[in-house]
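Colleague: Sending over final-v8.cif (mmCIF, C-alpha atoms).
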```cif
data_work
#
loop_
_atom_site.label_atom_id
_atom_site.label_comp_id
_atom_site.auth_asym_id
_atom_site.auth_seq_id
_atom_site.Cartn_x
_atom_site.Cartn_y
_atom_site.Cartn_z
CA MET A 6 0.00 0.00 0.00
CA ASN A 7 1.46 3.32 -1.00
CA LYS A 8 1.82 6.32 1.25
CA LYS A 9 -1.09 8.19 -0.34
CA ALA A 10 -3.60 5.43 0.51
CA ILE A 11 -2.33 5.31 4.10
CA VAL A 12 -2.87 9.04 4.58
CA ILE A 13 -6.45 8.84 3.21
CA LEU A 14 -7.36 5.90 5.49
CA GLY A 15 -5.88 7.75 8.50
CA ALA A 16 -7.96 10.86 7.78
CA ILE A 17 -11.14 8.78 7.45
CA PHE A 18 -10.42 7.07 10.79
CA LEU A 19 -9.90 10.41 12.61
CA LEU A 20 -13.12 11.78 11.10
CA ILE A 21 -15.13 8.77 12.33
CA VAL A 22 -13.65 8.99 15.85
CA GLY A 23 -14.34 12.76 16.05
CA THR A 24 -17.95 12.35 14.89
CA LEU A 25 -18.66 9.62 17.47
CA GLY A 26 -17.11 11.76 20.22
CA PHE A 27 -19.26 14.77 19.30
CA LEU A 28 -22.48 12.68 19.31
CA VAL A 29 -21.70 11.21 22.74
CA TYR A 30 -20.94 14.67 24.23
CA SER A 31 -24.10 16.20 22.76
CA ARG A 32 -26.31 13.45 24.19
CA TYR A 33 -24.74 13.78 27.63
CA SER A 34 -25.21 17.56 27.68
CA SER A 35 -28.86 17.29 26.60
CA ASN A 36 -29.66 14.78 29.32
CA GLU A 37 -27.99 16.96 31.94
CA GLU A 38 -30.14 19.98 31.02
CA GLN A 39 -33.44 18.06 30.86
CA ASN A 40 -33.07 15.81 33.88
CA PRO A 41 -34.46 17.23 37.17
CA PRO A 42 -32.12 17.71 40.12
CA PRO A 43 -31.51 14.72 42.34
CA ALA A 44 -34.35 13.78 44.67
CA ASN A 45 -32.36 14.64 47.78
CA SER A 46 -31.52 18.19 46.62
CA GLU A 47 -33.33 21.03 48.50
CA PRO A 48 -34.64 24.27 46.96
CA ILE A 49 -32.87 27.50 47.85
CA PRO A 50 -34.84 29.12 50.71
CA GLU A 51 -36.61 32.44 49.96
CA ASP A 52 -35.22 35.50 51.76
CA PRO A 53 -37.80 36.27 54.51
CA ASN A 54 -36.74 39.93 54.53
CA ALA A 55 -37.38 40.46 50.84
CA ASN A 56 -40.20 42.99 50.23
CA GLY A 57 -40.31 43.77 53.95
CA GLY A 58 -41.36 40.22 54.85
CA ASN A 59 -44.20 40.29 52.32
CA THR A 60 -44.14 37.35 49.92
CA ASN A 61 -46.23 39.30 47.40
CA PRO A 62 -44.24 41.40 44.91
CA PRO A 63 -44.50 45.21 45.23
CA THR A 64 -47.44 46.70 43.35
CA THR A 65 -45.52 49.80 42.25
CA THR A 66 -42.20 50.24 40.57
CA PRO A 67 -39.38 52.02 42.45
CA GLU A 68 -39.92 55.04 40.19
CA GLN A 69 -43.58 55.19 41.17
CA ALA A 70 -42.83 54.75 44.86
CA GLU A 71 -40.53 57.77 44.84
CA LYS A 72 -43.41 60.06 43.86
CA LEU A 73 -45.08 59.76 47.28
CA VAL A 74 -42.98 59.91 50.45
CA ARG A 75 -44.03 59.72 54.09
CA LEU A 76 -41.79 61.94 56.21
CA THR A 77 -43.01 61.00 59.69
CA LEU A 78 -43.13 57.32 60.61
CA SER A 79 -45.62 56.76 63.43
CA GLU A 80 -46.00 60.34 64.65
CA GLN A 81 -49.20 62.22 63.90
CA VAL A 82 -48.88 65.91 63.07
CA ILE A 83 -51.07 68.96 63.69
CA SER A 84 -50.97 72.03 61.39
CA PRO A 85 -47.60 71.46 59.69
CA ILE A 86 -46.00 74.46 57.95
CA LEU A 87 -42.82 75.26 56.04
CA PHE A 88 -39.94 77.06 57.80
CA TYR A 89 -39.75 80.73 56.91
CA ASN A 90 -36.42 79.97 55.15
CA GLY A 91 -37.84 76.90 53.39
CA ASN A 92 -35.36 74.34 54.74
CA GLY A 93 -37.62 72.40 57.09
CA VAL A 94 -41.00 72.08 58.76
CA THR A 95 -42.69 72.90 62.06
CA TYR A 96 -45.67 71.11 63.54
CA LEU A 97 -47.29 70.05 66.80
CA ASN A 98 -47.62 66.36 67.63
CA GLN A 99 -50.55 64.80 69.45
CA SER A 100 -48.83 65.28 72.81
CA GLY A 101 -48.83 69.04 72.26
CA GLN A 102 -45.07 69.20 71.71
CA LEU A 103 -43.76 71.75 69.21
CA ILE A 104 -41.47 69.93 66.75
CA LYS A 105 -39.00 71.33 64.25
CA ALA A 106 -37.15 69.27 61.64
CA ASP A 107 -34.79 70.08 58.78
CA PHE A 108 -34.85 68.78 55.22
CA GLU A 109 -32.02 66.54 54.04
CA ALA A 110 -31.65 65.91 50.31
CA LEU A 111 -30.93 62.30 49.30
CA ALA A 112 -29.03 61.01 46.29
CA ASN A 113 -32.22 59.68 44.64
CA GLY A 114 -33.82 63.13 44.66
CA GLN A 115 -36.02 62.50 47.67
CA ILE A 116 -35.85 64.45 50.92
CA GLN A 117 -36.13 63.23 54.49
CA LEU A 118 -36.47 64.91 57.87
CA THR A 119 -33.33 65.28 59.96
CA ARG A 120 -32.45 66.95 63.28
CA THR A 121 -36.01 66.45 64.48
CA ARG A 122 -36.20 68.16 67.85
CA ASP A 123 -38.72 69.06 70.53
CA LEU A 124 -38.61 72.78 71.31
CA GLY A 125 -39.69 72.06 74.87
CA ILE A 126 -42.79 74.26 75.17
CA ALA A 127 -45.53 73.68 77.73
CA SER A 128 -47.94 70.91 76.74
CA LYS A 129 -51.58 71.64 75.96
CA SER A 130 -54.31 69.06 75.48
CA ASN A 131 -57.13 68.95 72.91
CA ILE A 132 -55.35 71.09 70.30
CA THR A 133 -56.97 70.58 66.90
CA LYS A 134 -55.37 73.37 64.87
CA ILE A 135 -52.64 76.00 65.04
CA LEU A 136 -53.10 79.55 63.74
CA TRP A 137 -49.59 80.57 62.69
CA PRO A 138 -48.79 84.28 62.24
CA LYS A 139 -47.03 85.56 59.13
CA ASN A 140 -44.31 87.03 61.35
CA GLY A 141 -43.08 86.15 64.82
CA ASP A 142 -42.81 82.95 66.86
CA ASP A 143 -46.00 83.16 68.94
CA PHE A 144 -49.06 81.22 67.83
CA ILE A 145 -52.70 80.61 68.76
CA ALA A 146 -54.03 77.09 69.29
CA GLU A 147 -57.60 76.17 68.51
CA ILE A 148 -58.92 73.93 71.29
CA SER A 149 -61.78 71.46 71.05
CA ALA A 150 -64.30 71.82 73.86
CA SER A 151 -63.79 68.27 75.13
CA THR A 152 -63.92 67.44 78.81
CA GLY A 153 -61.01 69.05 80.58
CA SER A 154 -60.18 71.53 77.82
CA GLY A 155 -61.12 74.54 79.93
CA PHE A 156 -63.86 75.64 77.53
CA SER A 157 -67.49 74.86 78.22
CA SER A 158 -68.92 74.79 74.71
CA GLY A 159 -67.99 74.90 71.05
CA ARG A 160 -64.33 75.66 70.55
CA GLY A 161 -61.85 77.91 72.26
CA PHE A 162 -58.52 79.60 71.60
CA SER A 163 -55.28 79.72 73.55
CA TYR A 164 -52.40 82.11 72.87
CA PHE A 165 -48.84 80.81 73.31
CA ASN A 166 -46.29 83.47 74.20
CA PHE A 167 -42.71 82.37 73.54
CA ALA A 168 -41.32 85.10 75.80
CA THR A 169 -43.10 83.66 78.84
CA GLY A 170 -43.25 80.06 77.61
CA ALA A 171 -46.92 79.81 78.64
CA TYR A 172 -50.38 79.47 77.13
CA ILE A 173 -53.04 82.09 77.85
CA ASP A 174 -56.62 80.92 77.29
CA LEU A 175 -58.63 83.61 75.52
CA PRO A 176 -62.10 84.49 76.87
CA GLU A 177 -64.92 82.26 75.66
CA GLN A 178 -66.55 85.30 74.05
CA VAL A 179 -63.88 85.12 71.32
CA LYS A 180 -65.57 83.09 68.58
CA ALA A 181 -63.29 83.69 65.55
CA LEU A 182 -59.96 85.40 64.95
CA GLU A 183 -57.18 86.14 62.48
CA TRP A 184 -53.58 87.32 62.90
CA MET A 185 -52.58 90.70 61.52
CA PRO A 186 -49.50 90.39 59.23
CA SER A 187 -47.27 92.05 61.83
CA GLY A 188 -47.81 89.14 64.24
CA ASP A 189 -48.43 91.40 67.24
CA LYS A 190 -52.19 92.06 66.80
CA ILE A 191 -55.29 89.98 66.14
CA LEU A 192 -58.69 90.68 64.65
CA PHE A 193 -61.47 88.82 66.45
CA ILE A 194 -65.21 88.49 66.83
CA TRP A 195 -66.51 88.97 70.37
CA VAL A 196 -69.99 87.65 71.17
CA ASP A 197 -71.87 88.77 74.29
CA LYS A 198 -75.41 88.05 75.46
CA ASP A 199 -77.76 90.69 76.78
CA ALA A 200 -80.20 90.27 79.68
CA GLU A 201 -82.74 88.61 77.38
CA GLY A 202 -80.17 86.12 76.07
CA ASN A 203 -79.83 87.75 72.66
CA GLU A 204 -76.35 87.56 71.15
CA LYS A 205 -74.46 90.66 70.13
CA ALA A 206 -71.34 90.35 67.97
CA THR A 207 -68.60 92.91 67.40
CA LEU A 208 -65.44 93.03 65.27
CA ASN A 209 -62.39 94.06 67.28
CA MET A 210 -58.60 94.45 67.13
CA ALA A 211 -56.32 93.78 70.11
CA ASP A 212 -53.08 92.29 71.37
CA PRO A 213 -52.94 88.48 70.96
CA ASP A 214 -54.20 88.03 74.54
CA THR A 215 -57.18 90.39 73.73
CA LYS A 216 -55.78 93.22 75.87
CA ASN A 217 -55.73 96.81 74.57
CA TYR A 218 -58.71 96.05 72.36
CA GLN A 219 -60.40 98.46 69.97
CA GLN A 220 -63.94 97.87 68.70
CA ILE A 221 -64.20 98.29 64.94
CA ALA A 222 -67.83 97.55 64.12
CA GLU A 223 -70.97 95.72 65.14
CA LEU A 224 -71.91 92.58 63.18
CA TYR A 225 -75.36 91.31 62.27
CA GLU A 226 -74.59 87.65 62.92
CA ALA A 227 -72.80 85.90 65.80
CA ASP A 228 -71.56 82.89 63.81
CA ASP A 229 -69.26 84.66 61.33
CA VAL A 230 -65.71 83.47 60.59
CA LEU A 231 -62.92 85.82 59.46
CA HIS A 232 -60.41 85.56 56.59
CA LEU A 233 -57.77 88.31 56.35
CA SER A 234 -55.75 88.81 53.16
CA PRO A 235 -51.97 88.22 53.46
CA ASP A 236 -51.24 91.95 53.05
CA GLY A 237 -53.73 92.79 55.81
CA MET A 238 -55.70 95.16 53.61
CA ASN A 239 -58.96 93.23 53.12
CA LEU A 240 -61.11 91.10 55.38
CA VAL A 241 -63.86 88.80 54.16
CA PHE A 242 -66.27 86.81 56.28
CA HIS A 243 -69.27 84.49 56.05
CA ARG A 244 -71.58 82.63 58.39
CA THR A 245 -70.78 79.13 59.66
CA GLN A 246 -74.16 77.96 60.97
CA ASN A 247 -76.46 79.26 58.27
CA THR A 248 -78.94 76.59 57.14
CA GLU A 249 -80.50 78.70 54.39
CA SER A 250 -79.80 78.19 50.69
CA VAL A 251 -77.79 81.43 50.44
CA ASN A 252 -74.65 82.14 52.44
CA LYS A 253 -72.99 85.38 51.34
CA ILE A 254 -69.30 86.28 51.36
CA ILE A 255 -68.87 89.86 52.58
CA GLN A 256 -65.87 92.18 52.33
CA THR A 257 -64.70 94.82 54.78
CA THR A 258 -61.35 96.17 55.98
CA PRO A 259 -59.55 95.86 59.32
CA GLN A 260 -60.66 99.43 59.95
CA GLY A 261 -64.26 98.77 58.91
CA THR A 262 -64.17 101.49 56.25
CA ILE A 263 -66.02 99.58 53.48
CA TRP A 264 -68.74 96.91 53.49
CA LYS A 265 -69.57 95.03 50.32
CA ASP A 266 -71.30 91.76 49.37
CA LEU A 267 -68.84 89.96 47.08
CA VAL A 268 -70.60 86.63 46.49
CA LYS A 269 -74.35 86.97 46.84
CA GLU A 270 -75.66 83.69 45.45
CA GLY A 271 -75.40 80.08 46.59
CA PHE A 272 -74.24 78.48 49.81
CA ASN A 273 -70.59 79.49 50.23
CA TYR A 274 -68.13 78.34 52.86
CA GLY A 275 -64.39 78.79 53.44
CA ILE A 276 -61.86 81.24 52.01
CA LEU A 277 -58.27 80.76 50.81
CA TRP A 278 -56.45 83.94 49.79
CA SER A 279 -53.83 83.99 47.02
CA PRO A 280 -50.30 85.11 48.02
CA ASP A 281 -50.73 88.42 46.15
CA SER A 282 -53.94 89.19 48.13
CA GLN A 283 -55.85 89.89 44.90
CA LYS A 284 -57.83 86.65 44.58
CA PHE A 285 -59.34 83.98 46.77
CA LEU A 286 -60.80 80.50 46.50
CA PHE A 287 -64.06 79.60 48.17
CA SER A 288 -66.21 76.49 48.47
CA LYS A 289 -69.74 76.55 47.01
CA LYS A 290 -72.27 73.78 47.57
CA GLU A 291 -73.57 72.41 44.27
CA ARG A 292 -77.36 72.46 44.28
CA ASN A 293 -78.04 69.03 42.78
CA SER A 294 -75.31 66.86 44.31
CA GLN A 295 -74.99 68.90 47.54
CA LYS A 296 -71.21 68.55 47.18
CA TYR A 297 -68.78 71.44 47.53
CA GLN A 298 -66.84 72.70 44.52
CA LEU A 299 -63.88 75.09 44.42
CA TRP A 300 -64.67 78.53 43.03
CA TYR A 301 -62.47 81.53 42.27
CA TYR A 302 -62.97 85.26 42.92
CA ASP A 303 -60.84 88.12 41.59
CA LEU A 304 -61.00 91.14 43.87
CA LEU A 305 -59.83 93.58 41.18
CA THR A 306 -62.11 92.54 38.32
CA GLY A 307 -64.99 90.94 40.21
CA GLU A 308 -64.62 87.80 38.08
CA VAL A 309 -66.09 84.69 39.70
CA LYS A 310 -65.93 81.20 38.23
CA ASN A 311 -66.20 77.52 38.99
CA LEU A 312 -62.87 75.65 38.88
CA GLY A 313 -64.64 72.32 38.33
CA LEU A 314 -63.06 70.47 41.27
CA PHE A 315 -65.28 68.88 43.92
CA SER A 316 -63.24 69.88 46.95
CA THR A 317 -62.97 72.50 49.71
CA VAL A 318 -60.42 75.18 50.56
CA ASP A 319 -58.97 73.20 53.47
CA LYS A 320 -57.79 70.68 50.84
CA ALA A 321 -56.15 73.24 48.53
CA VAL A 322 -53.13 75.54 48.31
CA TRP A 323 -52.06 78.38 46.02
CA ALA A 324 -48.70 78.28 44.28
CA GLY A 325 -46.42 81.31 44.61
CA ASP A 326 -47.53 82.70 41.24
CA SER A 327 -51.06 83.38 42.61
CA LYS A 328 -52.37 81.70 39.47
CA THR A 329 -51.88 77.97 40.03
CA VAL A 330 -53.79 75.92 42.60
CA TYR A 331 -53.12 72.40 43.88
CA ALA A 332 -55.99 70.48 45.44
CA ALA A 333 -56.80 67.11 46.97
CA VAL A 334 -60.06 65.99 45.36
CA PRO A 335 -62.06 63.11 46.87
CA THR A 336 -62.67 60.04 44.73
CA SER A 337 -64.45 58.44 47.70
CA GLY A 338 -66.44 60.45 50.21
CA SER A 339 -67.26 64.17 50.03
CA ALA A 340 -65.16 67.13 51.13
CA GLY A 341 -66.71 69.37 53.76
CA GLU A 342 -68.78 66.69 55.49
CA GLY A 343 -66.27 66.04 58.29
CA ALA A 344 -65.69 62.38 57.40
CA LEU A 345 -62.48 60.98 55.95
CA THR A 346 -62.08 60.87 52.18
CA ILE A 347 -59.82 59.14 49.65
CA ASP A 348 -58.25 61.69 47.33
CA SER A 349 -56.54 62.25 44.03
CA PHE A 350 -54.34 65.32 43.57
CA TYR A 351 -54.77 67.97 40.88
CA LYS A 352 -53.05 71.06 39.56
CA ILE A 353 -55.24 73.73 37.93
CA ASP A 354 -54.48 76.97 36.14
CA THR A 355 -57.12 79.40 37.41
CA ALA A 356 -56.87 81.51 34.26
CA THR A 357 -57.29 78.76 31.65
CA LEU A 358 -58.87 76.05 33.87
CA GLU A 359 -56.35 73.57 32.46
CA LYS A 360 -56.01 70.61 34.84
CA LYS A 361 -53.40 67.96 35.52
CA GLU A 362 -53.87 64.92 37.74
CA TYR A 363 -50.98 63.52 39.77
CA GLN A 364 -50.80 59.79 40.47
CA ALA A 365 -49.96 59.23 44.14
CA TYR A 366 -49.94 55.39 43.85
CA ALA A 367 -51.74 55.00 47.17
CA SER A 368 -55.39 54.40 47.99
CA ASP A 369 -55.55 55.76 51.54
CA LEU A 370 -54.75 59.46 51.23
CA ASP A 371 -56.90 62.27 52.63
CA GLY A 372 -54.98 65.48 51.95
CA ARG A 373 -55.29 68.35 54.46
CA ASP A 374 -53.07 71.34 55.42
CA LEU A 375 -51.41 71.47 52.00
CA PHE A 376 -48.26 73.54 51.41
CA LEU A 377 -45.44 73.69 48.86
CA ASN A 378 -41.69 73.83 49.30
CA SER A 379 -39.76 76.92 48.21
CA ALA A 380 -39.00 75.45 44.78
CA GLY A 381 -42.67 74.60 44.24
CA ASP A 382 -41.93 71.04 43.11
CA LYS A 383 -43.05 69.13 46.21
CA LEU A 384 -46.57 69.19 47.61
CA PHE A 385 -46.69 68.53 51.36
CA PHE A 386 -49.84 67.52 53.22
CA ARG A 387 -51.14 65.93 56.37
CA ASN A 388 -52.84 62.64 55.62
CA ALA A 389 -55.98 62.67 57.75
CA GLN A 390 -56.24 58.89 57.32
CA ASP A 391 -53.20 58.24 59.56
CA GLY A 392 -52.08 61.71 60.71
CA GLY A 393 -48.69 61.43 58.97
CA LEU A 394 -46.81 64.12 57.09
CA TYR A 395 -46.30 63.26 53.40
CA TYR A 396 -45.13 64.91 50.22
CA LEU A 397 -45.89 64.27 46.56
CA ASP A 398 -43.15 64.88 44.02
CA LEU A 399 -44.67 67.10 41.33
CA ASN A 400 -41.91 66.39 38.81
CA GLN A 401 -43.76 63.59 37.06
#
```
Now that the file is in, can you turn its structure into structure tokens?
Modeller:
Amino acid sequence: MNKKAIVILGAIFLLIVGTLGFLVYSRYSSNEEQNPPPANSEPIPEDPNANGGNTNPPTTTPEQAEKLVRLTLSEQVISPILFYNGNGVTYLNQSGQLIKADFEALANGQIQLTRTRDLGIASKSNITKILWPKNGDDFIAEISASTGSGFSSGRGFSYFNFATGAYIDLPEQVKALEWMPSGDKILFIWVDKDAEGNEKATLNMADPDTKNYQQIAELYEADDVLHLSPDGMNLVFHRTQNTESVNKIIQTTPQGTIWKDLVKEGFNYGILWSPDSQKFLFSKKERNSQKYQLWYYDLLTGEVKNLGLFSTVDKAVWAGDSKTVYAAVPTSGSAGEGALTIDSFYKIDTATLEKKEYQAYASDLDGRDLFLNSAGDKLFFRNAQDGGLYYLDLNQ
């Protein structure tokens, strides 16, 4: 046999051996992938701490979750407001402690509260609301007339003086009040009864403890509530216990120099002034549904219009441009009835009535005491469902 034949036979032999080897390897690999693990092998245990101990996957993506942030964990807040310099918040907790906390920016764009501290003021029970002045550190607490509150009926007010560190309960004849912008005077309604039991109401100005008072005018009704513009130039008021179909909004001044009916038709309740003191929101009860809607009034032009949002002024806030309004609008329940609601959040241009809805990705939000941060891109609110302080990121 010559050399050429030997080479050809050798090549054929190597080809056959290689082909058989490849077939054996392929069959082994296929069986390994398809066969189940041995019977005595155990599955890898699931991490019990994944998803916070919840075996169900999260219902929102991380991006969605960042839109709504709870700032206080278990603590319930009363009348939260932004620091005057915009870098933190102040509020009272349910124990009557005055709390301050700073904002800390996080890498993911969120903020959290830091340096939370108790300012160590005297405690006061049954506080339901704080009336913060535009200037100064003193404040007035609205007190519910529960047993032990010191007030026999309805509601009462108590002035906290930082200089003395003490509360001063205002006389029960004070039925409504507003701070003057200076923070050292208040406007208030004083209601007395004559010998026959008839009520007589007067509008007055005085020091925050009602000393050095000056009577401005007599009022026709004893159940009025006051709303002073931020610049202190205009005062509007309306009744709170009127059961008739018409509840007017009336304008005067802190000096009582003018008296004018601004909104004469419909049942109107609640006022929220714009920062420029030229406009205000009010709540009007819709005749058919008996639900409140937000309305708008321009003091300069007299323009009045329906904003088309079924909500009330205690669930709304003006932006700094005095044109844009943010509001919590109930999708379950009705605003103004006292019961808890479940809300969606809206932005509305009061000039064009253009609306935008914000998705909060939560089903248990009842927005009250709304306010914005200095940049206007975060909407803070107290959630009446659990009393916590939250914010909604508006950059979405």
Colleague: CA of Thr336 in chain A and CA of Asp348 in chain A are how many Å apart?
Modeller: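 We find that CA of Thr336 in chain A and CA of Asp348 in chain A lie 5.4 Å from each other.
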Colleague: Evaluate the PyMOL selection byres ((chain A and resi 229) around 12) here and jot the selected residues down as a PyMOL selection string.
Modeller: chain A and resi 179-182+193-196+205-208+223-228+230-232+240-247+252-255+274-275
Colleague: Residues at most 10 Å from Asp374 in chain A, counting all atoms listed in the file, excluding those fewer than 4 positions away in the same chain, as a list in words?
Modeller: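 The contact residues come out as Ile83, Ser84, Pro85, Ile86, Lys134, Val318, Asp319, Lys320, Ala321, Val322, Phe385, Phe386, Arg387, Asn388, Ala389 and Leu394 of chain A.
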Colleague: Rounded to one decimal, what separation in Å do you get between CA of Thr119 in chain A and CA of Asp107 in chain A?
Modeller: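 If I compute the distance from CA of Thr119 in chain A to CA of Asp107 in chain A, I get 5.2 Å.
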Colleague: Pick the closest to Pro235 in chain A from A:Phe144, A:Trp264, A:Trp278, A:Tyr218: which is it, counting only C-alpha atoms?
Modeller: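 Under the stated criterion, the closest residue is A:Trp278.
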Colleague: Do you know which residues are at most 12 Å from Lys139 in chain A counting all atoms listed in the file, after dropping those on the same chain fewer than 6 positions away, and could you put them as a ChimeraX atom specification?
Modeller: /A:86-89,183-191,233-237,280
Colleague: Can you give me, as a list of chain:residue names, the residues this file yields under the PyMOL selection byres ((chain A and resi 270) around 9)?
Modeller: A:Ser250, A:Val251, A:Asn252, A:Lys253, A:Val268, A:Lys269, A:Gly271, A:Phe272, A:Asn273
Colleague: In terms of the shortest atom-to-atom distance over only C-alpha atoms, which of A:Ala127, A:Leu267, A:Leu76, A:Ala150 is closest to Glu109 in chain A?
Modeller: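 Under the stated criterion, the closest residue is A:Leu76.
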Colleague: I need the output of the PyMOL selection byres ((chain A and resi 367) around 10) for this file as an MDAnalysis selection string; which residues are they?
Modeller: chainID A and resid 65 70 73 347:349 364:366 368:370
Colleague: Using all atoms listed in the file, which protein or nucleic acid residues come within 9 Å of range 299-303 of chain A? Drop anything in the same chain fewer than 2 positions from it, and give the result as a PyMOL selection string.
Modeller: chain A and resi 267-268+283-289+297+305-318+321+355
Colleague: Around range 117-126 of chain A, with edges along x, y and z and 3 Å added on all six sides, what centre and edge lengths do you get, in Å to one decimal, as AutoDock Vina command-line options?
Modeller:
```
--center_x -37.6 --center_y 68.7 --center_z 64.8 --size_x 16.3 --size_y 17.0 --size_z 26.7
```
Colleague: Using all atoms listed in the file, which residue out of A:Ile145, A:Leu136, A:Ile104, A:Val94 lies closest to Tyr172 in chain A?
Modeller: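 Closest to Tyr172 in chain A, using all atoms listed in the file: A:Ile145.
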Colleague: Please, what distance in Å, to one decimal, runs between CA of Tyr351 in chain A and CA of Leu78 in chain A?
Modeller: 25.3 Å
Colleague: Using only C-alpha atoms for the distances, tell me which of A:Leu124, A:Met210, A:Ile276, A:Ile353 is nearest to Asn98 in chain A.
Modeller: A:Leu124
Colleague: Here is a test: counting all atoms listed in the file, which residue of A:Lys216, A:Thr329, A:Gly343, A:Lys72 is nearest to Lys360 in chain A?
Modeller: A:Thr329
